[in-house]
$ cat structure.cif   # mmCIF, C-alpha atoms
data_run
loop_
_atom_site.label_atom_id
_atom_site.label_comp_id
_atom_site.auth_asym_id
_atom_site.auth_seq_id
_atom_site.Cartn_x
_atom_site.Cartn_y
_atom_site.Cartn_z
CA MET J 585 4.49 -113.84 15.71
CA SER J 586 0.72 -113.98 15.16
CA GLY J 587 -1.70 -111.18 16.01
CA VAL J 588 -3.35 -113.45 18.58
CA THR J 589 -0.02 -114.12 20.30
CA ARG J 590 0.87 -110.41 20.33
CA TRP J 591 -2.52 -109.59 21.82
CA PHE J 592 -2.13 -112.20 24.53
CA GLN J 593 1.36 -110.98 25.38
CA GLY J 594 0.20 -107.38 25.37
CA ARG J 595 -2.45 -108.24 27.93
CA ARG J 596 -0.10 -110.35 30.07
CA GLY J 597 3.17 -108.37 29.88
CA PRO J 598 6.53 -108.80 28.08
CA ALA J 599 7.54 -112.28 27.06
CA SER J 600 10.26 -114.01 29.02
CA ALA J 601 11.39 -117.53 29.61
CA ASP J 602 9.41 -117.87 32.80
CA GLY J 603 7.36 -114.66 32.87
CA PRO J 604 3.61 -114.32 32.33
CA GLY J 605 4.11 -113.59 28.66
CA GLY J 606 6.19 -116.70 28.05
CA PRO J 607 4.93 -120.10 26.94
CA ASP J 608 3.44 -120.84 30.35
CA GLY J 609 1.74 -117.45 30.33
CA LEU J 610 0.11 -118.17 26.96
CA ALA J 611 -1.23 -121.53 28.06
CA GLU J 612 -4.00 -120.11 30.21
CA PRO J 613 -5.62 -117.85 27.52
CA PHE J 614 -5.48 -120.60 24.92
CA LYS J 615 -7.03 -122.98 27.45
CA ALA J 616 -9.82 -120.45 27.99
CA LEU J 617 -10.35 -120.26 24.22
CA ARG J 618 -10.54 -124.04 23.91
CA THR J 619 -12.97 -124.21 26.82
CA ALA J 620 -15.18 -121.52 25.28
CA ALA J 621 -15.18 -123.25 21.90
CA ALA J 622 -16.00 -126.62 23.47
CA GLY J 623 -19.14 -125.10 24.99
CA ILE J 624 -20.57 -124.12 21.60
CA GLY J 625 -22.72 -126.58 19.65
CA THR J 626 -23.83 -128.93 22.41
CA SER J 627 -27.16 -129.55 20.67
CA LEU J 628 -28.81 -129.43 17.24
CA ASP J 629 -30.88 -126.41 18.27
CA GLU J 630 -29.89 -123.17 16.52
CA SER J 631 -31.10 -120.87 19.29
CA THR J 632 -29.13 -122.82 21.89
CA THR J 633 -25.98 -122.58 19.76
CA CYS J 634 -26.41 -118.79 19.42
CA THR J 635 -26.80 -118.42 23.18
CA GLU J 636 -23.69 -120.52 23.78
CA LEU J 637 -21.79 -118.30 21.33
CA THR J 638 -22.75 -114.99 22.97
CA ARG J 639 -21.95 -116.30 26.45
CA ALA J 640 -18.52 -117.45 25.27
CA ALA J 641 -17.89 -114.09 23.58
CA VAL J 642 -18.69 -112.19 26.78
CA ARG J 643 -16.38 -114.44 28.79
CA LEU J 644 -13.52 -113.70 26.38
CA ALA J 645 -14.08 -110.00 25.59
CA GLY J 646 -16.43 -108.72 28.30
CA GLY J 647 -19.29 -106.29 27.71
CA CYS J 648 -22.30 -107.62 25.83
CA ALA J 649 -22.86 -109.90 22.83
CA ALA J 650 -25.86 -110.74 20.66
CA VAL J 651 -26.65 -112.48 17.40
CA LEU J 652 -28.58 -111.28 14.36
CA ARG J 653 -29.64 -114.35 12.42
CA ARG J 654 -29.98 -114.27 8.66
CA VAL J 655 -32.23 -116.55 6.60
CA GLY J 656 -32.09 -115.61 2.93
CA ASP J 657 -32.59 -111.84 2.80
CA THR J 658 -34.33 -111.72 6.17
CA VAL J 659 -32.35 -110.53 9.19
CA SER J 660 -33.70 -110.86 12.71
CA GLY J 661 -33.37 -108.36 15.52
CA TYR J 662 -30.98 -108.90 18.39
CA GLU J 663 -31.30 -112.45 19.78
CA SER J 664 -29.51 -114.58 22.38
CA ILE J 665 -28.30 -111.47 24.23
CA SER J 666 -25.66 -112.05 26.93
CA GLY J 667 -24.58 -109.17 29.16
CA ASP J 668 -25.94 -105.62 29.38
CA ALA J 669 -28.12 -105.04 26.30
CA ASP J 670 -27.78 -101.24 26.70
CA LEU J 671 -24.20 -101.55 25.44
CA LEU J 672 -25.30 -102.81 22.02
CA PRO J 673 -25.21 -100.39 19.07
CA ASP J 674 -28.27 -99.33 17.11
CA VAL J 675 -29.76 -102.49 15.62
CA ARG J 676 -30.11 -100.74 12.24
CA TRP J 677 -26.34 -100.48 11.96
CA ALA J 678 -25.88 -104.13 12.87
CA THR J 679 -28.64 -105.16 10.42
CA ALA J 680 -26.90 -103.28 7.60
CA VAL J 681 -23.65 -105.08 8.41
CA ALA J 682 -25.46 -108.44 8.48
CA ARG J 683 -26.96 -107.78 5.04
CA ASP J 684 -23.65 -106.64 3.51
CA ALA J 685 -21.31 -109.12 5.17
CA GLY J 686 -20.12 -111.93 2.99
CA THR J 687 -17.63 -114.73 3.42
CA PRO J 688 -14.14 -113.23 3.98
CA ALA J 689 -11.15 -114.48 2.08
CA ALA J 690 -8.72 -116.44 4.20
CA ASP J 691 -5.93 -113.91 3.72
CA SER J 692 -7.90 -110.66 3.91
CA TRP J 693 -9.52 -108.54 6.59
CA MET J 694 -13.05 -107.30 6.08
CA ASP J 695 -13.92 -103.90 7.51
CA PRO J 696 -17.38 -104.95 8.71
CA TRP J 697 -15.70 -107.31 11.14
CA LEU J 698 -14.27 -104.39 13.11
CA ALA J 699 -16.32 -101.21 13.09
CA ARG J 700 -17.30 -98.40 15.42
CA PRO J 701 -20.70 -96.90 14.63
CA LEU J 702 -20.93 -93.13 14.72
CA GLY J 703 -23.61 -90.99 16.31
CA SER J 704 -24.95 -91.28 19.83
CA HIS J 705 -23.35 -94.69 20.37
CA LEU J 706 -19.68 -93.98 21.05
CA ARG J 707 -18.79 -97.33 22.56
CA PRO J 708 -16.64 -99.68 20.50
CA ALA J 709 -18.64 -102.33 18.69
CA LEU J 710 -17.59 -105.37 16.72
CA CYS J 711 -19.47 -107.39 14.07
CA VAL J 712 -18.23 -110.85 13.12
CA PRO J 713 -20.05 -112.70 10.30
CA LEU J 714 -21.33 -116.19 11.10
CA THR J 715 -20.01 -118.01 8.05
CA SER J 716 -19.50 -121.66 7.21
CA GLY J 717 -18.06 -122.37 3.79
CA SER J 718 -19.92 -120.15 1.34
CA ASP J 719 -22.98 -119.72 3.59
CA GLN J 720 -23.60 -116.74 5.85
CA TYR J 721 -26.02 -117.15 8.77
CA GLY J 722 -25.89 -113.67 10.33
CA VAL J 723 -23.45 -111.80 12.56
CA LEU J 724 -22.15 -111.84 16.10
CA VAL J 725 -22.31 -108.33 17.58
CA CYS J 726 -20.10 -107.44 20.55
CA ALA J 727 -19.92 -104.11 22.42
CA ARG J 728 -18.35 -102.86 25.65
CA ASP J 729 -17.25 -99.83 27.63
CA GLY J 730 -13.55 -99.28 27.46
CA PRO J 731 -10.89 -99.76 24.79
CA ALA J 732 -11.72 -100.54 21.19
CA PHE J 733 -11.54 -104.14 20.09
CA ALA J 734 -8.10 -105.09 18.82
CA ARG J 735 -7.83 -106.99 15.60
CA ALA J 736 -6.44 -109.98 17.50
CA GLU J 737 -9.54 -109.99 19.70
CA ALA J 738 -11.70 -109.99 16.58
CA GLU J 739 -9.76 -112.99 15.30
CA LEU J 740 -10.45 -114.87 18.51
CA LEU J 741 -14.14 -114.06 18.34
CA ALA J 742 -14.11 -115.01 14.66
CA LEU J 743 -12.87 -118.47 15.61
CA LEU J 744 -15.82 -118.86 17.97
CA ALA J 745 -18.22 -117.49 15.35
CA GLU J 746 -16.90 -119.91 12.74
CA ARG J 747 -17.44 -122.85 15.10
CA ALA J 748 -20.95 -121.64 15.90
CA ALA J 749 -21.77 -121.14 12.21
CA SER J 750 -20.79 -124.73 11.46
CA HIS J 751 -23.20 -125.97 14.12
CA ILE J 752 -25.93 -123.60 12.88
CA ARG J 753 -25.51 -125.12 9.42
CA HIS J 754 -25.96 -128.62 10.86
CA ALA J 755 -28.99 -127.45 12.87
CA ARG J 756 -30.68 -126.01 9.77
CA GLU J 757 -29.95 -129.11 7.73
CA TYR J 758 -31.39 -131.20 10.58
CA ASP J 759 -34.53 -129.05 10.66
CA GLN J 760 -34.91 -129.33 6.89
CA VAL J 761 -34.75 -133.12 6.97
CA ASN J 762 -37.18 -133.12 9.89
CA ARG J 763 -39.65 -130.89 8.03
CA THR J 764 -39.38 -133.01 4.89
CA ALA J 765 -40.02 -136.21 6.80
CA ALA J 766 -42.89 -134.60 8.71
CA ASP J 767 -44.47 -133.27 5.51
CA LEU J 768 -44.21 -136.69 3.91
CA GLN J 769 -45.68 -138.44 6.91
CA ARG J 770 -48.53 -135.94 7.29
CA ALA J 771 -49.36 -136.37 3.61
CA LEU J 772 -49.47 -140.14 4.02
CA LEU J 773 -51.42 -140.10 7.27
CA SER J 774 -53.90 -137.51 6.03
CA GLU J 775 -55.37 -139.93 3.49
CA PRO J 776 -56.01 -143.31 5.14
CA GLY J 777 -58.24 -145.76 3.37
CA ARG J 778 -61.99 -145.55 3.96
CA PRO J 779 -63.45 -148.15 6.33
CA HIS J 780 -66.93 -149.51 5.76
CA PRO J 781 -69.75 -147.30 7.05
CA ASN J 782 -70.49 -150.03 9.60
CA LEU J 783 -67.26 -149.11 11.45
CA ASP J 784 -66.48 -145.86 13.27
CA VAL J 785 -62.73 -145.16 13.13
CA SER J 786 -60.55 -142.43 14.61
CA ILE J 787 -56.76 -142.02 14.14
CA ARG J 788 -54.15 -139.86 15.87
CA TYR J 789 -50.46 -139.36 15.13
CA LEU J 790 -48.21 -137.51 17.59
CA PRO J 791 -44.52 -136.90 16.79
CA ALA J 792 -42.31 -137.04 19.88
CA GLY J 793 -41.28 -133.48 20.70
CA GLY J 794 -40.44 -130.61 18.41
CA ARG J 795 -36.82 -131.65 17.92
CA VAL J 796 -37.15 -135.37 17.45
CA LEU J 797 -37.05 -136.64 13.85
CA VAL J 798 -40.30 -138.10 12.64
CA GLY J 799 -40.26 -141.90 12.56
CA GLY J 800 -42.02 -144.62 10.65
CA ASP J 801 -45.20 -144.99 12.74
CA TRP J 802 -48.37 -145.33 10.67
CA CYS J 803 -52.02 -146.40 10.67
CA GLU J 804 -54.18 -147.63 7.82
CA THR J 805 -57.68 -148.91 7.07
CA VAL J 806 -58.47 -151.06 4.03
CA ARG J 807 -62.07 -151.64 2.95
CA LEU J 808 -62.73 -155.30 2.12
CA HIS J 809 -65.74 -157.22 0.74
CA PHE J 810 -68.78 -158.31 2.73
CA GLY J 811 -68.70 -155.36 5.13
CA ARG J 812 -65.25 -156.18 6.50
CA THR J 813 -62.42 -153.71 7.17
CA LEU J 814 -58.71 -154.37 7.70
CA LEU J 815 -57.19 -152.19 10.45
CA VAL J 816 -53.42 -151.74 10.40
CA VAL J 817 -50.81 -150.15 12.64
CA GLY J 818 -47.07 -150.37 12.00
CA ASP J 819 -43.73 -148.98 13.08
CA VAL J 820 -40.65 -148.86 10.85
CA MET J 821 -37.45 -149.00 12.88
CA GLY J 822 -35.54 -145.73 13.13
CA HIS J 823 -36.40 -142.10 12.49
CA GLY J 824 -36.12 -139.53 9.78
CA LEU J 825 -36.77 -139.35 6.08
CA GLU J 826 -35.53 -142.88 5.36
CA ALA J 827 -37.95 -144.39 7.88
CA ALA J 828 -40.83 -142.35 6.45
CA VAL J 829 -39.98 -143.50 2.91
CA ASP J 830 -39.86 -147.15 3.99
CA MET J 831 -43.16 -146.67 5.80
CA SER J 832 -44.66 -145.46 2.53
CA ALA J 833 -43.34 -148.55 0.75
CA TYR J 834 -44.83 -150.91 3.37
CA ARG J 835 -48.12 -149.08 3.19
CA SER J 836 -48.31 -149.28 -0.60
CA SER J 837 -47.50 -152.99 -0.57
CA LEU J 838 -50.10 -153.60 2.11
CA ARG J 839 -52.89 -151.93 0.13
CA TYR J 840 -52.06 -154.05 -2.91
CA ILE J 841 -51.82 -157.36 -1.02
CA ALA J 842 -54.89 -156.74 1.16
CA SER J 843 -57.07 -156.23 -1.92
CA SER J 844 -56.69 -159.96 -2.64
CA GLU J 845 -58.77 -160.74 0.49
CA LEU J 846 -56.09 -162.96 2.05
CA PRO J 847 -56.31 -163.68 5.80
CA PRO J 848 -54.13 -161.41 7.97
CA HIS J 849 -51.30 -163.89 8.54
CA ARG J 850 -50.90 -164.47 4.80
CA VAL J 851 -50.86 -160.71 4.18
CA LEU J 852 -47.98 -160.42 6.65
CA ARG J 853 -46.18 -163.33 4.98
CA GLN J 854 -46.28 -161.62 1.59
CA LEU J 855 -45.24 -158.26 3.08
CA ASP J 856 -42.29 -159.99 4.72
CA ASP J 857 -41.29 -161.70 1.47
CA ILE J 858 -41.34 -158.41 -0.45
CA ALA J 859 -39.39 -156.49 2.20
CA ALA J 860 -36.79 -159.22 2.64
CA THR J 861 -35.78 -158.97 -1.04
CA GLU J 862 -34.89 -155.27 -0.63
CA ALA J 863 -31.56 -154.96 1.16
CA ASP J 864 -32.08 -151.32 2.12
CA ARG J 865 -35.61 -151.76 3.46
CA ARG J 866 -35.74 -151.25 7.22
CA PRO J 867 -37.50 -153.90 9.34
CA ALA J 868 -40.91 -152.97 10.70
CA THR J 869 -43.40 -154.25 13.22
CA CYS J 870 -47.01 -154.50 12.10
CA LEU J 871 -50.40 -155.53 13.49
CA LEU J 872 -53.32 -156.50 11.25
CA VAL J 873 -56.89 -156.72 12.54
CA ARG J 874 -59.66 -157.80 10.16
CA VAL J 875 -63.00 -156.63 11.55
CA ASP J 876 -66.19 -158.44 10.51
CA PRO J 877 -69.11 -156.63 12.22
CA SER J 878 -71.77 -158.86 10.63
CA ARG J 879 -70.27 -161.90 12.39
CA GLY J 880 -69.13 -160.01 15.49
CA GLN J 881 -65.52 -161.16 15.01
CA VAL J 882 -61.99 -159.84 14.66
CA THR J 883 -59.08 -161.82 13.22
CA LEU J 884 -55.60 -160.70 14.28
CA SER J 885 -52.01 -161.35 13.25
CA SER J 886 -48.83 -159.66 14.44
CA ALA J 887 -45.33 -159.15 13.07
CA GLY J 888 -43.49 -158.31 16.26
CA HIS J 889 -46.08 -155.72 17.28
CA LEU J 890 -47.80 -155.04 20.60
CA PRO J 891 -51.33 -156.48 21.03
CA PRO J 892 -54.45 -154.35 20.60
CA ALA J 893 -56.64 -153.27 23.49
CA LEU J 894 -60.34 -154.15 23.68
CA ILE J 895 -62.61 -151.67 25.46
CA THR J 896 -65.58 -153.70 26.73
CA ARG J 897 -69.21 -152.65 27.02
CA GLY J 898 -68.66 -151.74 30.65
CA GLY J 899 -65.66 -149.53 29.82
CA ARG J 900 -62.96 -151.93 31.00
CA THR J 901 -59.73 -152.49 29.06
CA ALA J 902 -58.29 -155.89 28.12
CA LEU J 903 -55.36 -156.81 25.89
CA LEU J 904 -56.29 -159.33 23.20
CA ARG J 905 -54.05 -162.32 22.73
CA VAL J 906 -52.45 -162.47 19.30
CA PRO J 907 -49.80 -164.85 17.87
CA VAL J 908 -46.60 -162.83 17.39
CA GLY J 909 -44.25 -163.52 14.49
CA PRO J 910 -40.96 -161.81 13.60
CA PRO J 911 -40.82 -158.21 12.29
CA LEU J 912 -41.36 -157.64 8.60
CA GLY J 913 -38.25 -157.62 6.44
CA THR J 914 -36.47 -160.44 8.24
CA GLY J 915 -37.61 -163.14 5.81
CA PHE J 916 -38.34 -165.61 8.62
CA GLY J 917 -42.12 -165.77 8.12
CA GLY J 918 -44.06 -167.96 10.54
CA TYR J 919 -47.13 -165.77 11.04
CA GLU J 920 -50.40 -167.02 12.49
CA SER J 921 -53.89 -165.60 13.09
CA ALA J 922 -56.28 -165.66 16.04
CA THR J 923 -60.01 -164.83 16.13
CA HIS J 924 -61.93 -163.10 18.95
CA GLN J 925 -65.52 -161.99 19.44
CA PHE J 926 -66.21 -158.29 18.88
CA GLU J 927 -69.57 -156.76 19.77
CA PRO J 928 -71.10 -153.45 18.56
CA ASP J 929 -70.74 -151.76 21.97
CA GLU J 930 -67.03 -152.65 22.20
CA ALA J 931 -64.06 -150.77 20.78
CA LEU J 932 -60.61 -151.79 19.56
CA VAL J 933 -57.47 -149.68 20.07
CA LEU J 934 -54.36 -150.34 17.96
CA PHE J 935 -51.19 -148.42 18.83
CA THR J 936 -47.43 -148.16 18.40
CA ASP J 937 -45.09 -148.61 21.34
CA GLY J 938 -44.63 -144.88 21.87
CA LEU J 939 -48.08 -144.75 23.47
CA VAL J 940 -47.15 -146.97 26.41
CA GLU J 941 -43.36 -147.41 26.61
CA ARG J 942 -41.41 -145.42 29.17
CA ARG J 943 -37.68 -145.34 29.71
CA ASP J 944 -36.38 -147.77 32.34
CA GLU J 945 -39.81 -149.46 32.59
CA ASP J 946 -40.56 -153.07 31.71
CA ILE J 947 -42.88 -153.32 28.69
CA ASP J 948 -45.28 -155.56 30.63
CA ARG J 949 -45.71 -152.82 33.22
CA SER J 950 -46.23 -150.31 30.42
CA LEU J 951 -49.03 -152.43 28.98
CA ASP J 952 -50.52 -152.88 32.44
CA ARG J 953 -50.95 -149.10 32.73
CA LEU J 954 -53.07 -149.18 29.58
CA ALA J 955 -55.04 -152.22 30.77
CA GLU J 956 -55.87 -150.44 34.05
CA LEU J 957 -57.79 -147.66 32.28
CA HIS J 958 -61.59 -147.55 32.60
CA PHE J 959 -63.92 -145.52 30.39
CA ALA J 960 -67.50 -144.38 30.34
CA PRO J 961 -69.62 -147.00 28.52
CA ALA J 962 -70.05 -146.46 24.77
CA VAL J 963 -67.88 -143.31 24.60
CA ASP J 964 -67.34 -142.36 20.94
CA VAL J 965 -64.03 -143.26 19.31
CA ASP J 966 -62.76 -139.66 19.17
CA GLY J 967 -63.45 -139.19 22.86
CA LEU J 968 -61.90 -142.56 23.59
CA LEU J 969 -58.63 -141.63 21.87
CA GLU J 970 -58.44 -138.23 23.54
CA SER J 971 -58.97 -139.84 26.94
CA ILE J 972 -56.23 -142.42 26.31
CA LEU J 973 -53.73 -139.85 25.05
CA THR J 974 -54.37 -137.57 28.01
CA ARG J 975 -54.34 -140.22 30.72
CA LEU J 976 -51.15 -141.84 29.40
CA ASP J 977 -49.56 -138.40 28.87
CA ALA J 978 -48.84 -139.38 25.25
CA ARG J 979 -48.17 -135.78 24.19
CA HIS J 980 -44.96 -135.96 26.23
CA ALA J 981 -44.00 -139.44 25.04
CA GLU J 982 -40.36 -140.29 24.33
CA ASP J 983 -41.20 -141.76 20.91
CA ASP J 984 -43.69 -141.11 18.12
CA VAL J 985 -47.24 -142.29 18.77
CA ALA J 986 -49.71 -143.65 16.23
CA VAL J 987 -53.04 -144.90 17.58
CA LEU J 988 -56.29 -146.04 15.99
CA ALA J 989 -59.67 -146.70 17.63
CA ALA J 990 -62.59 -148.52 15.97
CA ARG J 991 -66.12 -149.50 17.01
CA PRO J 992 -68.79 -151.33 14.98
CA HIS J 993 -71.66 -149.10 13.95
CA ARG J 994 -74.82 -150.86 12.82
CA ARG J 995 -77.42 -148.89 10.89
CA GLN J 996 -81.02 -149.45 11.85
CA GLY J 997 -82.26 -152.60 10.16
CA GLY J 998 -78.70 -153.79 9.45
CA PHE J 999 -77.23 -153.48 5.96
CA SER J 1000 -79.57 -151.74 3.55
CA SER J 1001 -78.67 -153.96 0.63
CA VAL J 1002 -76.51 -156.83 -0.53
CA GLU J 1003 -74.42 -154.32 -2.49
CA GLU J 1004 -73.60 -152.34 0.66
CA ALA J 1005 -72.70 -155.50 2.55
CA GLY J 1006 -70.41 -156.57 -0.24
CA GLY J 1007 -68.54 -153.25 -0.38
#

$ encode --input "structure.cif" --output "structure tokens"
Amino acid sequence: MSGVTRWFQGRRGPASADGPGGPDGLAEPFKALRTAAAGIGTSLDESTTCTELTRAAVRLAGGCAAVLRRVGDTVSGYESISGDADLLPDVRWATAVARDAGTPAADSWMDPWLARPLGSHLRPALCVPLTSGSDQYGVLVCARDGPAFARAEAELLALLAERAASHIRHAREYDQVNRTAADLQRALLSEPGRPHPNLDVSIRYLPAGGRVLVGGDWCETVRLHFGRTLLVVGDVMGHGLEAAVDMSAYRSSLRYIASSELPPHRVLRQLDDIAATEADRRPATCLLVRVDPSRGQVTLSSAGHLPPALITRGGRTALLRVPVGPPLGTGFGGYESATHQFEPDEALVLFTDGLVERRDEDIDRSLDRLAELHFAPAVDVDGLLESILTRLDARHAEDDVAVLAARPHRRQGGFSSVEEAGG
């Protein structure tokens, strides 16, 4: 008979065929244990998992429970406290246990699991290491008034702690991937190409929430000959490190192809051809806008991407028509370009769908909300972006947001030389 079974029967009375200690009598405590375990690890947030663990521990053993988390050699104070915190032992004792506790062997009992600190704290206290495999993430500390914790109780709490530790491991791995992807994306977005000095450009990138993996949204500017600049915004499908890596590959290919001075639709065609030959490359949407301030024109081409917005001289917003081809990486091709007039007092806004899309809302309605915005005439591009992000509540968007604003900027007397005009 296991220690857990003996503990249950001891709490519920002698075993009999139909008594409370019999099979039917054991069903209820085991059901409570399953219910408590099922409530641990409902998210990939480590703090939430710790709180779920301490609440489950208090439901099973009473008193109070808390977690000391361990990262490397660093041990936190009491966190995720459930119950009366005055019952907890001196945190220095619990910290020492957390530092010394290792991964117990399957067939051995470790004294730190069941200990009663001496001194002014005479209440029974229990420390259970949070271990998963060979990794130790801290300890669960339980304390109460009344009888000392039985070994069987410690085993029950150890089962909960083991489940929680497994979810903590997943949460930390998730955070590590998220940080890696975010670092990669910040590094890529921190060094966009330089536009011509005849174009004022501002770029913003907003990841969606602290716990959402960074995606493949990106912006780029490529300086071309004769005072022209290629503006780019794209969105690789999916999230995480893989999407960020594919975004980097698209961006590198774009810089190489754009240097050949091809029109936007032919740039997209070559990008699509390259991506389609790589089986693991994720599809991506992309919008190219070639700005020619000297002619007052923009030439656009889209690979499944939303159209850009034009902010007029009077501060009104209009969506520019652009021929839309399939996303990059499909190999279907079929891209076309369209040309529109673009004056010095006007501004262009390129964006990914996270800026406008809302759950359970038609995309046309989402675009209408952007088109309904009005701005003060000739507001600078930084102020323009901040106004858009604030008025569309983009900092609480459900997806990542990448947005770029550009306005022609003519120096007095036009270009100072043929060399400057030619790049």

$ resolve_selection --input "structure.cif" --expression "the PyMOL selection byres ((chain J and resi 894-909) around 10)" --output "ChimeraX atom specification"
/J:849,852-853,869-871,873,883-893,910-912,916-924,926-934,951-952,954-963,968,989-991

$ closest_residue --input "structure.cif" --among "J:Gln854, J:Ser950, J:Ser786, J:Ser878" --to "Gly915 of chain J" --atoms "all atoms listed in the file"
J:Gln854

$ resolve_selection --input "structure.cif" --expression "the PyMOL selection byres ((chain J and resi 683) around 12)" --output "number ranges by chain"
J: 652-660, 676-682, 684-687, 696, 711, 713-714, 720-723

$ closest_residue --input "structure.cif" --among "J:Leu814, J:Leu671, J:Ala749, J:Val875" --to "Leu628 of chain J" --atoms "all atoms listed in the file"
J:Ala749

$ resolve_selection --input "structure.cif" --expression "the PyMOL selection byres ((chain J and resi 982) around 6)" --output "list in words"
Ala792, Ala981 and Asp983 of chain J

$ closest_residue --input "structure.cif" --among "J:Asp856, J:Glu862, J:Glu941, J:Asp668" --to "Ala727 of chain J" --atoms "all atoms listed in the file"
J:Asp668

$ atom_distance --input "structure.cif" --atom1 "atom CA of Cys648 of chain J" --atom2 "atom CA of Phe733 of chain J"
12.7 Å

$ atom_distance --input "structure.cif" --atom1 "atom CA of His980 of chain J" --atom2 "atom CA of Val820 of chain J"
20.5 Å

$ closest_residue --input "structure.cif" --among "J:His993, J:Arg763, J:Arg728, J:Arg839" --to "Ala641 of chain J" --atoms "all atoms listed in the file"
J:Arg728

$ closest_residue --input "structure.cif" --among "J:Thr813, J:Thr861, J:Ser843, J:Ser832" --to "Val882 of chain J" --atoms "all atoms listed in the file"
J:Thr813
